Amino acid sequence: MVLVLFVGCWTASLITYWNDPLGPSVRDLEQWAHESLQHEELARNYQQQEDKWKREQIAHDKLIREWEREQEAHDRKKREREQREAKERRRPNIVWVDVEPHDCTTFATRKYTARLANVPSDYRRRMRMEACKTTPLVVHGQSYLSHTCEDNGPNATIGSWNVDQSQPDCVPFWADYKDKGCTTIGSGKRRIEHHLENLPSGSDWREFTATTPIRFNGMQFSGAQSAFQSVWGVYGFWEIDDYAC
């Protein structure tokens with residue numbers, strides 16, 4: 001009786017197995033495929049997240065480097081400022097004395113000289129020359145650095161300047177306009193003459209005729225094209241285009 005029941009159950013299971021369109025091996029394959037897709041999806045998500053982290057890390061590192069560069073520049077400027085301030089605090093009270101104006105050298109310009117004072121006794125020639133070049137001289141409210149420096153030993157460093165502001169005695173002017181006619185027939189040139197007034201005493205008339213500006217006939221000139229000196233004074237000449245000539 002038991003044997004008959006067992007055989008019947010086994011036969012029914014066998015029939016069910018063969019009647020099932022998806023046998024165990026097919027179901028396992030589909031399960032494996034499903035799990036494989038899930039794994040690939042997880043792998044892609046992980047890779048995307050990892051790429052995002054890398055981009056964020058690169059951006060972060062870039063910001064850090066920029067900040068470090070800015071901080072380094074800030075620190076460098078701070079050090080330079082502190083060094084300048086310390087240098088100024090240590091700087092002796094070097095000044096110009098015995099300031100002396102000289103002759104006019106060119107239009108609206110006068111030469112000045114002065115001696116450097118309060119120079120420390122341990123300053124060597126190079127340091128005295130550097131002080132001469134960097135110590136300004138104030139003339140008529142304007143500050144100037146020396147044009148030349150001459151070192152004659154301790155307490156004898158001489159600077160010179162060409163001061164081109166507020167020098168009215170160095171400003172001559174052209175007057176007495178004269179039309180001297182055509183230079184030659186067919187030249188296309190007309191000769192104009194002016195007399196130079198207020199020429200500084202003892203100055204180089206050639207320098208001043210070449211550098212004293214003038215405007216006439218709607219034209220501007222930085223100085224005379226040619227000039228000569230006579231017992232009546234200094235005269236400048238200009239040859240201008242004139243088709244009537």
# chains A, B, ... in the order shown; residues from 1 in each chain; ligands from 1
call {"tool": "residues_around", "arguments": {"residues": "region 226-234 of chain A", "least_positions_apart": "5", "cutoff": "7 Å", "atoms": "only C-alpha atoms", "output": "PyMOL selection string"}}
result
chain A and resi 195-196+209
call {"tool": "residues_around", "arguments": {"residues": "Lys189 (chain A)", "least_positions_apart": "4", "cutoff": "12 Å", "atoms": "only C-alpha atoms", "output": "list in words"}}
result
Asp179, Lys180, Gly181, Cys182, Thr183, Thr184, Ile185, Trp238, Glu239, Ile240, Asp241, Asp242, Tyr243, Ala244 and Cys245 of chain A
call {"tool": "write_last_selection", "arguments": {"atoms": "C-alpha atoms", "output": "short mmCIF file (atom, residue, chain, number, x, y, z; two decimals), in the first residue's frame"}}
result
data_model
loop_
_atom_site.label_atom_id
_atom_site.label_comp_id
_atom_site.auth_asym_id
_atom_site.auth_seq_id
_atom_site.Cartn_x
_atom_site.Cartn_y
_atom_site.Cartn_z
CA ASP A 179 58.14 137.82 -44.39
CA LYS A 180 61.45 137.75 -46.27
CA GLY A 181 59.85 136.56 -49.53
CA CYS A 182 60.52 133.50 -51.66
CA THR A 183 63.85 131.78 -51.13
CA THR A 184 64.25 131.53 -54.92
CA ILE A 185 61.86 131.71 -57.85
CA TRP A 238 61.81 129.19 -41.18
CA GLU A 239 61.20 128.05 -44.75
CA ILE A 240 57.55 127.22 -45.28
CA ASP A 241 55.71 125.82 -48.29
CA ASP A 242 54.22 128.47 -50.60
CA TYR A 243 53.10 127.49 -54.09
CA ALA A 244 53.14 131.16 -55.06
CA CYS A 245 56.92 130.91 -54.98
#
call {"tool": "closest_residue", "arguments": {"among": "A:Gln142, A:Asn93, A:Ser160, A:Gln165", "to": "Ala114 (chain A)", "atoms": "only C-alpha atoms"}}
result
A:Ser160
call {"tool": "atom_distance", "arguments": {"atom1": "CA of His102 (chain A)", "atom2": "CA of Glu207 (chain A)"}}
result
16.0 Å
call {"tool": "residues_around", "arguments": {"residues": "His194 (chain A)", "least_positions_apart": "4", "cutoff": "7 Å", "atoms": "only C-alpha atoms", "output": "NGL selection string"}}
result
:A and (174-178 or 235-237)
call {"tool": "write_last_selection", "arguments": {"atoms": "N, CA, C and O atoms", "output": "tab-separated table (two decimals), in the first residue's frame"}}
result
chain	number	residue	atom	x	y	z
A	174	TRP	N	59.59	134.49	-29.37
A	174	TRP	CA	59.83	135.03	-30.71
A	174	TRP	C	58.93	136.25	-30.94
A	174	TRP	O	57.77	136.23	-30.56
A	175	ALA	N	59.49	137.26	-31.58
A	175	ALA	CA	58.74	138.47	-31.89
A	175	ALA	C	59.19	139.04	-33.24
A	175	ALA	O	60.12	138.52	-33.87
A	176	ASP	N	58.54	140.12	-33.65
A	176	ASP	CA	58.91	140.85	-34.86
A	176	ASP	C	58.88	139.95	-36.10
A	176	ASP	O	59.88	139.72	-36.78
A	177	TYR	N	57.68	139.42	-36.38
A	177	TYR	CA	57.49	138.57	-37.56
A	177	TYR	C	57.81	139.34	-38.84
A	177	TYR	O	57.35	140.46	-39.04
A	178	LYS	N	58.61	138.74	-39.73
A	178	LYS	CA	58.93	139.35	-41.01
A	178	LYS	C	58.88	138.30	-42.10
A	178	LYS	O	59.46	137.22	-41.97
A	235	TYR	N	68.35	135.95	-34.33
A	235	TYR	CA	67.21	135.82	-35.25
A	235	TYR	C	67.07	134.35	-35.66
A	235	TYR	O	68.06	133.63	-35.83
A	236	GLY	N	65.82	133.96	-35.84
A	236	GLY	CA	65.52	132.63	-36.32
A	236	GLY	C	64.83	132.68	-37.66
A	236	GLY	O	64.13	133.66	-37.98
A	237	PHE	N	65.03	131.62	-38.47
A	237	PHE	CA	64.44	131.57	-39.80
A	237	PHE	C	63.69	130.26	-40.01
A	237	PHE	O	64.06	129.21	-39.47
call {"tool": "atom_distance", "arguments": {"atom1": "CA of Asp164 (chain A)", "atom2": "CA of Glu130 (chain A)"}}
result
23.5 Å
call {"tool": "select_by_dssp", "arguments": {"residues": "region 49-245 of chain A", "states": "alpha helix (DSSP H)", "output": "PyMOL selection string"}}
result
chain A and resi 49-90+125-134+205-211
call {"tool": "select_by_dssp", "arguments": {"residues": "region 45-226 of chain A", "states": "strand (DSSP E)", "output": "MDAnalysis selection string"}}
result
chainID A and resid 95:106 109:117 137:139 142:144 148:151 157:163 173:182 189:197 214:216 219:221 226
